[in-house]
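Structure file input08.tsv (TSV, C-alpha atoms) follows.
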chain	number	residue	atom	x	y	z
A	21	MET	CA	-16.45	-14.57	-18.39
A	22	LYS	CA	-18.98	-11.74	-18.62
A	23	THR	CA	-18.62	-11.10	-14.90
A	24	ALA	CA	-14.83	-11.20	-15.12
A	25	LEU	CA	-14.95	-8.60	-17.89
A	26	ILE	CA	-17.07	-6.38	-15.66
A	27	LEU	CA	-14.42	-6.66	-12.93
A	28	VAL	CA	-11.63	-5.63	-15.30
A	29	ILE	CA	-13.51	-2.66	-16.76
A	30	ALA	CA	-14.62	-1.39	-13.36
A	31	ASN	CA	-11.13	-1.62	-11.86
A	32	LEU	CA	-9.42	0.07	-14.80
A	33	PHE	CA	-11.98	2.87	-14.75
A	34	LEU	CA	-11.20	3.62	-11.12
A	35	ILE	CA	-7.45	3.58	-11.77
A	36	ASN	CA	-7.54	5.91	-14.75
A	37	SER	CA	-9.95	8.43	-13.24
A	38	SER	CA	-8.05	9.06	-10.00
A	39	GLU	CA	-5.25	11.20	-8.64
A	40	ALA	CA	-2.08	9.85	-7.05
A	41	CYS	CA	-0.26	9.34	-3.52
A	42	ASN	CA	2.36	7.59	-1.32
A	43	PHE	CA	0.06	5.93	1.17
A	44	CYS	CA	-2.00	2.92	0.25
A	45	MET	CA	-4.72	1.00	1.98
A	46	LEU	CA	-4.56	-2.06	-0.21
A	47	GLY	CA	-3.73	-4.03	2.91
A	48	GLN	CA	-1.37	-6.95	3.10
A	49	GLY	CA	-0.95	-7.50	-0.62
A	50	VAL	CA	-3.79	-10.05	-0.74
A	51	SER	CA	-7.37	-9.52	-1.87
A	52	PRO	CA	-9.67	-9.39	1.18
A	53	TYR	CA	-11.93	-11.92	-0.56
A	54	LEU	CA	-9.23	-14.54	-0.01
A	55	LEU	CA	-9.30	-13.93	3.75
A	56	SER	CA	-12.92	-13.11	4.41
A	57	ASN	CA	-14.46	-16.33	5.70
A	58	GLY	CA	-16.01	-15.54	9.06
A	59	LYS	CA	-13.86	-13.63	11.51
A	60	GLY	CA	-10.19	-13.64	12.37
A	61	LEU	CA	-6.86	-11.88	12.77
A	62	THR	CA	-4.05	-11.16	10.32
A	63	LEU	CA	-0.51	-10.30	11.40
A	64	ASP	CA	1.43	-8.75	8.52
A	65	ALA	CA	5.08	-7.76	8.15
A	66	ASN	CA	5.83	-5.45	5.24
A	67	TYR	CA	9.28	-4.12	4.24
A	68	ILE	CA	9.82	-1.36	1.64
A	69	GLN	CA	13.25	-0.30	0.35
A	70	SER	CA	13.52	3.08	-1.40
A	71	ASP	CA	17.01	3.97	-2.60
A	72	LYS	CA	16.92	5.64	-6.01
A	73	VAL	CA	15.85	9.14	-7.10
A	74	TYR	CA	14.09	9.77	-10.42
A	75	ASN	CA	13.26	12.77	-12.55
A	76	HIS	CA	10.13	11.28	-14.10
A	77	GLY	CA	11.53	8.05	-15.60
A	78	GLN	CA	15.23	8.96	-15.53
A	79	LYS	CA	17.40	7.94	-12.58
A	80	ILE	CA	19.49	10.86	-11.27
A	81	GLN	CA	22.24	11.45	-8.70
A	82	ASP	CA	20.87	10.53	-5.28
A	83	ASN	CA	23.78	11.40	-2.93
A	84	GLY	CA	22.96	8.29	-0.91
A	85	ALA	CA	19.32	9.16	-0.20
A	86	LYS	CA	17.63	6.08	1.21
A	87	GLU	CA	14.49	5.09	3.10
A	88	SER	CA	13.60	1.77	4.70
A	89	TRP	CA	10.17	1.06	6.17
A	90	MET	CA	9.37	-2.04	8.23
A	91	THR	CA	5.72	-2.12	9.27
A	92	TYR	CA	3.94	-4.72	11.39
A	93	THR	CA	0.16	-4.54	11.11
A	94	LEU	CA	-2.44	-6.39	13.16
A	95	THR	CA	-5.81	-6.55	11.43
A	96	GLY	CA	-9.02	-7.93	12.90
A	97	PHE	CA	-11.91	-8.69	10.51
A	98	TYR	CA	-15.49	-9.80	10.93
A	99	ASN	CA	-18.15	-10.89	8.45
A	100	PHE	CA	-21.62	-9.78	9.53
A	101	ASP	CA	-23.15	-11.68	6.62
A	102	GLU	CA	-22.29	-12.74	3.06
A	103	GLN	CA	-22.33	-9.12	1.90
A	104	PHE	CA	-20.81	-6.94	4.63
A	105	ASN	CA	-17.34	-7.20	6.18
A	106	LEU	CA	-15.63	-4.86	8.64
A	107	SER	CA	-11.93	-4.70	9.56
A	108	ILE	CA	-9.69	-2.59	11.79
A	109	SER	CA	-5.91	-2.33	11.35
A	110	LEU	CA	-3.25	-1.13	13.80
A	111	PRO	CA	0.28	-0.68	12.39
A	112	TYR	CA	3.60	-0.39	14.22
A	113	ALA	CA	6.37	1.02	12.02
A	114	PHE	CA	10.17	1.15	12.09
A	115	LYS	CA	11.38	3.80	9.63
A	116	SER	CA	14.87	4.94	8.71
A	117	ASN	CA	15.88	7.61	6.22
A	118	ILE	CA	18.96	9.38	4.89
A	119	GLU	CA	18.20	12.76	3.36
A	120	PHE	CA	19.74	14.97	0.70
A	121	VAL	CA	21.83	17.90	1.84
A	122	ASP	CA	21.24	19.71	-1.45
A	123	ALA	CA	19.43	18.30	-4.45
A	124	THR	CA	21.72	20.19	-6.84
A	125	ASP	CA	25.02	19.35	-5.11
A	126	THR	CA	26.55	16.09	-6.34
A	127	THR	CA	29.61	16.27	-4.07
A	128	THR	CA	28.15	16.93	-0.62
A	129	ALA	CA	27.63	13.83	1.51
A	130	SER	CA	24.16	13.04	2.78
A	131	THR	CA	23.04	13.91	6.27
A	132	PRO	CA	23.24	11.23	9.00
A	133	GLY	CA	20.40	8.76	8.93
A	134	ASN	CA	17.56	8.69	11.43
A	135	LEU	CA	15.66	5.74	12.86
A	136	ASN	CA	12.20	6.16	14.31
A	137	SER	CA	9.46	3.80	15.43
A	138	GLY	CA	5.98	3.89	16.88
A	139	PHE	CA	2.34	3.03	16.42
A	140	GLY	CA	0.89	4.36	13.17
A	141	ASP	CA	-2.54	5.47	12.02
A	142	ILE	CA	-5.44	3.12	12.71
A	143	SER	CA	-7.68	2.28	9.74
A	144	LEU	CA	-11.33	1.21	9.88
A	145	VAL	CA	-12.48	-0.34	6.59
A	146	GLY	CA	-15.77	-1.85	5.44
A	147	ARG	CA	-16.54	-3.88	2.34
A	148	PHE	CA	-19.97	-4.40	0.77
A	149	THR	CA	-20.37	-7.11	-1.88
A	150	PHE	CA	-22.89	-5.91	-4.45
A	151	LEU	CA	-22.23	-8.53	-7.13
A	152	SER	CA	-22.01	-12.28	-6.54
A	153	ASP	CA	-22.27	-14.90	-9.27
A	154	HIS	CA	-21.92	-18.65	-8.66
A	155	THR	CA	-21.95	-21.44	-11.24
A	156	LEU	CA	-20.82	-25.09	-11.18
A	157	THR	CA	-17.41	-24.12	-12.55
A	158	SER	CA	-16.75	-20.56	-11.35
A	159	THR	CA	-17.44	-17.91	-8.72
A	160	SER	CA	-17.23	-14.13	-9.10
A	161	LYS	CA	-17.57	-11.41	-6.48
A	162	LEU	CA	-17.24	-7.64	-6.66
A	163	GLY	CA	-17.48	-5.27	-3.74
A	164	VAL	CA	-17.02	-1.65	-2.83
A	165	VAL	CA	-14.44	-0.79	-0.16
A	166	PHE	CA	-14.83	2.26	2.05
A	167	GLY	CA	-13.26	3.50	5.25
A	168	VAL	CA	-11.35	6.07	7.25
A	169	LYS	CA	-7.77	6.40	8.48
A	170	LEU	CA	-7.50	7.98	11.93
A	171	PRO	CA	-4.59	10.28	12.99
A	172	THR	CA	-3.38	8.08	15.86
A	173	GLY	CA	0.32	7.91	14.88
A	174	SER	CA	2.90	10.38	16.19
A	175	THR	CA	3.99	13.31	13.98
A	176	GLN	CA	6.27	15.01	16.53
A	177	ALA	CA	9.55	13.03	16.53
A	178	VAL	CA	12.88	14.90	16.41
A	179	ASP	CA	16.51	13.90	15.80
A	180	VAL	CA	19.42	14.09	18.28
A	181	ALA	CA	19.84	17.78	17.49
A	182	GLY	CA	16.20	18.50	18.29
A	183	GLU	CA	15.27	19.09	14.65
A	184	PRO	CA	12.02	17.62	13.27
A	185	LEU	CA	12.47	14.30	11.49
A	186	ASP	CA	11.59	14.03	7.82
A	187	ARG	CA	7.83	13.42	7.47
A	188	HIS	CA	8.49	10.02	5.84
A	189	ALA	CA	10.22	8.86	9.04
A	190	LEU	CA	7.13	9.54	11.14
A	191	PRO	CA	4.67	6.78	12.13
A	192	GLY	CA	1.62	8.93	11.37
A	193	THR	CA	0.38	11.69	9.07
A	194	GLY	CA	-1.80	13.63	11.53
A	195	SER	CA	-4.72	13.55	9.12
A	196	PHE	CA	-8.12	11.96	8.72
A	197	ASP	CA	-8.06	10.20	5.33
A	198	TYR	CA	-11.07	8.73	3.54
A	199	LEU	CA	-10.93	5.54	1.49
A	200	LEU	CA	-12.97	4.32	-1.45
A	201	GLY	CA	-12.26	1.41	-3.78
A	202	LEU	CA	-13.21	-1.84	-5.45
A	203	SER	CA	-12.27	-5.41	-4.63
A	204	GLY	CA	-13.05	-8.40	-6.83
A	205	VAL	CA	-12.26	-12.07	-7.33
A	206	HIS	CA	-13.04	-14.60	-10.08
A	207	SER	CA	-12.38	-18.29	-9.37
A	208	PHE	CA	-12.19	-21.00	-12.03
A	209	ALA	CA	-13.21	-24.26	-10.33
A	210	SER	CA	-10.55	-24.80	-7.61
A	211	ASP	CA	-7.29	-24.31	-9.52
A	212	TRP	CA	-7.28	-20.64	-10.65
A	213	GLN	CA	-8.21	-17.36	-9.03
A	214	ILE	CA	-7.91	-13.82	-10.39
A	215	THR	CA	-8.09	-10.87	-8.01
A	216	LEU	CA	-8.42	-7.17	-8.78
A	217	ASP	CA	-8.17	-4.54	-6.07
A	218	SER	CA	-8.00	-0.76	-6.13
A	219	VAL	CA	-8.25	1.73	-3.27
A	220	TYR	CA	-8.32	5.52	-3.56
A	221	ASN	CA	-7.19	7.56	-0.56
A	222	ILE	CA	-8.46	11.12	-0.06
A	223	ALA	CA	-5.87	12.80	2.18
A	224	GLY	CA	-6.96	15.33	4.77
A	225	ARG	CA	-4.88	18.14	6.22
A	226	GLY	CA	-2.33	16.69	8.62
A	227	SER	CA	0.62	17.69	10.74
A	228	TRP	CA	4.42	17.59	10.59
A	229	ALA	CA	6.15	18.64	13.83
A	230	GLY	CA	3.23	20.88	14.75
A	231	ARG	CA	3.10	22.44	11.29
A	232	SER	CA	0.28	22.00	8.82
A	233	HIS	CA	1.11	19.43	6.12
A	234	GLN	CA	-0.94	17.53	3.56
A	235	TYR	CA	-0.08	14.48	1.47
A	236	GLY	CA	-1.56	14.24	-1.99
A	237	ASN	CA	-4.49	11.97	-2.75
A	238	SER	CA	-3.40	8.45	-3.60
A	239	ILE	CA	-4.42	5.27	-5.36
A	240	ASN	CA	-3.11	1.70	-5.17
A	241	TYR	CA	-4.11	-1.03	-7.58
A	242	SER	CA	-3.33	-4.69	-8.04
A	243	LEU	CA	-4.06	-7.55	-10.45
A	244	LYS	CA	-2.98	-11.07	-9.49
A	245	ALA	CA	-3.50	-14.57	-10.89
A	246	TYR	CA	-3.29	-17.54	-8.48
A	247	ASN	CA	-2.76	-21.15	-9.55
A	248	ARG	CA	-3.11	-24.10	-7.16
A	249	ILE	CA	-0.02	-26.28	-7.54
A	250	LEU	CA	-0.48	-28.65	-4.57
A	251	PRO	CA	-2.20	-30.98	-4.00
A	252	LYS	CA	-3.57	-32.27	-7.28
A	253	GLU	CA	-6.86	-33.16	-5.60
A	254	ILE	CA	-9.04	-30.74	-3.67
A	255	GLY	CA	-8.29	-30.87	0.04
A	256	GLU	CA	-8.20	-28.84	3.23
A	257	LYS	CA	-4.54	-27.94	2.68
A	258	ASN	CA	-3.32	-26.43	-0.58
A	259	LEU	CA	-0.62	-24.22	-2.04
A	260	PHE	CA	-1.09	-21.47	-4.62
A	261	VAL	CA	1.57	-19.58	-6.54
A	262	PHE	CA	0.70	-16.12	-7.83
A	263	LEU	CA	2.00	-13.68	-10.43
A	264	GLY	CA	0.74	-10.19	-11.02
A	265	ALA	CA	1.29	-6.48	-11.33
A	266	SER	CA	0.54	-3.65	-8.95
A	267	GLY	CA	1.07	0.06	-8.73
A	268	GLU	CA	0.84	3.12	-6.55
A	269	SER	CA	0.42	6.73	-7.62
A	270	ALA	CA	0.84	9.82	-5.47
A	271	GLY	CA	-0.13	13.46	-5.78
A	272	LYS	CA	2.11	16.33	-4.73
A	273	GLU	CA	2.38	17.25	-1.06
A	274	LYS	CA	1.52	20.66	0.35
A	275	GLY	CA	3.69	22.13	3.10
A	276	THR	CA	7.49	22.41	2.89
A	277	ILE	CA	10.46	24.71	3.48
A	278	ASP	CA	10.75	27.60	1.02
A	279	ALA	CA	13.89	29.19	-0.48
A	280	SER	CA	14.40	31.39	2.60
A	281	GLY	CA	14.41	28.40	4.95
A	282	THR	CA	10.92	29.13	6.28
A	283	TYR	CA	8.23	26.49	6.47
A	284	ASP	CA	5.29	27.39	4.22
A	285	ALA	CA	2.14	25.32	4.78
A	286	SER	CA	0.63	26.47	1.47
A	287	LEU	CA	3.68	25.72	-0.70
A	288	VAL	CA	3.35	22.72	-3.02
A	289	ASN	CA	6.43	20.47	-2.99
A	290	LEU	CA	7.15	19.89	-6.68
A	291	SER	CA	9.54	17.01	-5.91
A	292	THR	CA	6.84	14.79	-4.41
A	293	GLY	CA	4.37	12.38	-5.95
A	294	GLY	CA	4.46	10.17	-9.00
A	295	THR	CA	3.78	6.61	-10.10
A	296	VAL	CA	5.57	3.33	-9.41
A	297	LEU	CA	4.62	-0.01	-11.02
A	298	TYR	CA	5.68	-3.42	-9.68
A	299	GLY	CA	5.90	-7.00	-10.83
A	300	ASP	CA	4.59	-9.34	-8.10
A	301	ILE	CA	5.35	-12.96	-7.28
A	302	GLY	CA	4.52	-15.07	-4.25
A	303	LEU	CA	2.84	-17.99	-2.50
A	304	ARG	CA	-0.44	-18.48	-0.69
A	305	ALA	CA	-0.48	-21.53	1.57
A	306	VAL	CA	-3.74	-22.74	3.12
A	307	MET	CA	-2.18	-24.64	6.02
A	308	SER	CA	-5.49	-25.68	7.60
A	309	ALA	CA	-9.14	-24.72	7.60
A	310	ASP	CA	-8.34	-21.72	9.82
A	311	THR	CA	-4.72	-20.77	9.00
A	312	ILE	CA	-3.39	-19.06	5.85
A	313	LEU	CA	0.16	-17.92	5.11
A	314	ASN	CA	0.97	-15.41	2.35
A	315	LEU	CA	4.45	-14.59	1.06
A	316	GLY	CA	5.00	-11.90	-1.57
A	317	PHE	CA	7.83	-10.07	-3.32
A	318	SER	CA	7.33	-6.98	-5.51
A	319	LYS	CA	10.04	-5.42	-7.70
A	320	SER	CA	9.53	-2.02	-9.29
A	321	PHE	CA	9.98	-1.84	-13.07
A	322	PHE	CA	8.57	1.59	-13.90
A	323	HIS	CA	8.94	5.03	-12.28
A	324	ASP	CA	7.45	8.38	-13.22
A	325	MET	CA	8.36	10.64	-10.31
A	326	ASN	CA	7.98	14.40	-9.99
A	327	PHE	CA	11.23	16.37	-9.62
A	328	ASP	CA	12.16	20.03	-9.27
A	329	THR	CA	15.65	21.34	-8.39
A	330	SER	CA	14.14	23.82	-5.92
A	331	PHE	CA	13.04	20.98	-3.62
A	332	GLU	CA	14.76	18.00	-2.01
A	333	PRO	CA	13.52	14.84	-3.76
A	334	ASP	CA	12.57	11.60	-2.05
A	335	PRO	CA	13.87	8.18	-3.13
A	336	ALA	CA	11.32	6.02	-4.92
A	337	PRO	CA	10.43	2.46	-3.86
A	338	ASP	CA	12.68	-0.24	-5.34
A	339	TYR	CA	11.18	-3.43	-3.89
A	340	LYS	CA	8.76	-4.71	-1.25
A	341	ILE	CA	8.58	-7.90	0.79
A	342	ASP	CA	5.37	-8.97	2.51
A	343	ILE	CA	4.60	-11.82	4.91
A	344	ALA	CA	1.10	-12.27	6.37
A	345	LEU	CA	-0.30	-14.94	8.68
A	346	THR	CA	-4.07	-15.17	9.07
A	347	TYR	CA	-5.95	-17.14	11.72
A	348	MET	CA	-9.73	-17.47	11.43
A	349	PHE	CA	-11.97	-18.27	14.38
Using the file provided, produce a representation of the structure as structure tokens.
Amino acid sequence: MKTALILVIANLFLINSSEACNFCMLGQGVSPYLLSNGKGLTLDANYIQSDKVYNHGQKIQDNGAKESWMTYTLTGFYNFDEQFNLSISLPYAFKSNIEFVDATDTTTASTPGNLNSGFGDISLVGRFTFLSDHTLTSTSKLGVVFGVKLPTGSTQAVDVAGEPLDRHALPGTGSFDYLLGLSGVHSFASDWQITLDSVYNIAGRGSWAGRSHQYGNSINYSLKAYNRILPKEIGEKNLFVFLGASGESAGKEKGTIDASGTYDASLVNLSTGGTVLYGDIGLRAVMSADTILNLGFSKSFFHDMNFDTSFEPDPAPDYKIDIALTYMF
């Protein structure tokens, strides 16, 4: 229990001492410690629906603003030893969005939606386990996560009229981002597991249709409790159900269109960034010694989003669905 307390305190300290952002590197919604035996591949499908606009915690008129992101991510991971793990992730995204015409006009219809797809930004992530505690009845591990996101995704897409697409409809950000976080797990015998994960993303200067643009720094965090429900005896195949809470916080973006209609790379967009908290539920099925299936659903229950009438706001996430299949060699 002493080790578990250390995990909680360390994770909460990282959450409370960090800035915010839209982009997370928490991965496929599952602690990497639950997928880290040896080497393997994970194919993940993640869907995010964003369809409501908030002024801090208050829902406001959205004029039909809506974003839908469907991202398929292939991740390869390799354990060099019991302490060091390395993974590389390649996403392919399908993104659609419907924008505001005017944030202050409640009668004007929204602009036509846009659909875009393409390979996103590759991420290279390492994990070093610096604390490992084994007893007859429990196991605890805590590691530091670090990495880099490479600007491999396109930032140049345009609509049918030749106008640049909204930056949230682009596969990439055009920036080098740097990642730092914690990942931990505490297992009680074979029936219960508690995972805590938190990753902070330091956003570099990127690009939006050839113009300088920068997302705010971001942090994602997650706490989940897993309980083995089948079978009653320990075996190669088992099924866990999990409940938990997660969140993502985002800082304000820099680079937007000013009041005169001119793009200003130094202008801070006051209608970007904020915090969203989710309730999480799902299943983790160990189908064999080398195959794991994860199913998760997350519903937002708290929003604190930045809003300013001088800028077009973005819809906040409402729910997420995640499916991940892992095969270990």
Per residue of stretch 131-239 of chain A within 12 Å of stretch 271-285 of chain A, which atom pair is closest and at what distance in Å (one decimal), using all atoms listed in the file, listed by chain and increasing number, as CSV?
residue,atom,partner,partner_atom,distance
A:Pro184,CA,A:Tyr283,CA,11.8
A:Asp186,CA,A:Thr276,CA,10.6
A:Arg187,CA,A:Thr276,CA,10.1
A:His188,CA,A:Glu273,CA,11.7
A:Thr193,CA,A:Glu273,CA,11.7
A:Tyr220,CA,A:Gly271,CA,11.6
A:Asn221,CA,A:Gly271,CA,10.6
A:Ile222,CA,A:Gly271,CA,10.4
A:Ala223,CA,A:Gly271,CA,9.8
A:Gly224,CA,A:Lys274,CA,10.9
A:Arg225,CA,A:Lys274,CA,9.0
A:Gly226,CA,A:Gly275,CA,9.8
A:Ser227,CA,A:Gly275,CA,9.4
A:Trp228,CA,A:Gly275,CA,8.8
A:Ala229,CA,A:Tyr283,CA,11.0
A:Gly230,CA,A:Ala285,CA,11.0
A:Arg231,CA,A:Ala285,CA,7.2
A:Ser232,CA,A:Ala285,CA,5.6
A:His233,CA,A:Gly275,CA,4.8
A:Gln234,CA,A:Lys274,CA,5.1
A:Tyr235,CA,A:Glu273,CA,4.5
A:Gly236,CA,A:Gly271,CA,4.1
A:Asn237,CA,A:Gly271,CA,5.5
A:Ser238,CA,A:Gly271,CA,6.4
A:Ile239,CA,A:Gly271,CA,9.3
Test item: residues at most 8 Å from A:Ile301, all atoms listed in the file, excluding those fewer than 5 positions along its chain, as a VMD selection string: chain A and resid 261 to 264 316 to 318
Would you list the contacts of A:Asn247 as a short mmCIF file (atom, residue, chain, number, x, y, z; two decimals) with C-alpha atoms, in the frame of the given file, taking every protein, DNA or RNA residue within 12 Å and counting all atoms listed in the file, but skipping same-chain residues closer than 4 positions in sequence?
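Contents of selection.cif, freshly written:
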data_model
loop_
_atom_site.label_atom_id
_atom_site.label_comp_id
_atom_site.auth_asym_id
_atom_site.auth_seq_id
_atom_site.Cartn_x
_atom_site.Cartn_y
_atom_site.Cartn_z
CA SER A 207 -12.38 -18.29 -9.37
CA PHE A 208 -12.19 -21.00 -12.03
CA ALA A 209 -13.21 -24.26 -10.33
CA SER A 210 -10.55 -24.80 -7.61
CA ASP A 211 -7.29 -24.31 -9.52
CA TRP A 212 -7.28 -20.64 -10.65
CA GLN A 213 -8.21 -17.36 -9.03
CA ILE A 214 -7.91 -13.82 -10.39
CA THR A 215 -8.09 -10.87 -8.01
CA PRO A 251 -2.20 -30.98 -4.00
CA LYS A 252 -3.57 -32.27 -7.28
CA ASN A 258 -3.32 -26.43 -0.58
CA LEU A 259 -0.62 -24.22 -2.04
CA PHE A 260 -1.09 -21.47 -4.62
CA VAL A 261 1.57 -19.58 -6.54
CA PHE A 262 0.70 -16.12 -7.83
CA LEU A 263 2.00 -13.68 -10.43
CA GLY A 264 0.74 -10.19 -11.02
CA ILE A 301 5.35 -12.96 -7.28
CA GLY A 302 4.52 -15.07 -4.25
CA LEU A 303 2.84 -17.99 -2.50
CA ARG A 304 -0.44 -18.48 -0.69
CA ALA A 305 -0.48 -21.53 1.57
#
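Remark: for A:Asp71, the closest of the candidate residues A:Tyr53, A:Ala309, A:Asp334, A:Ala344 is A:Asp334 (distances computed over all atoms listed in the file).
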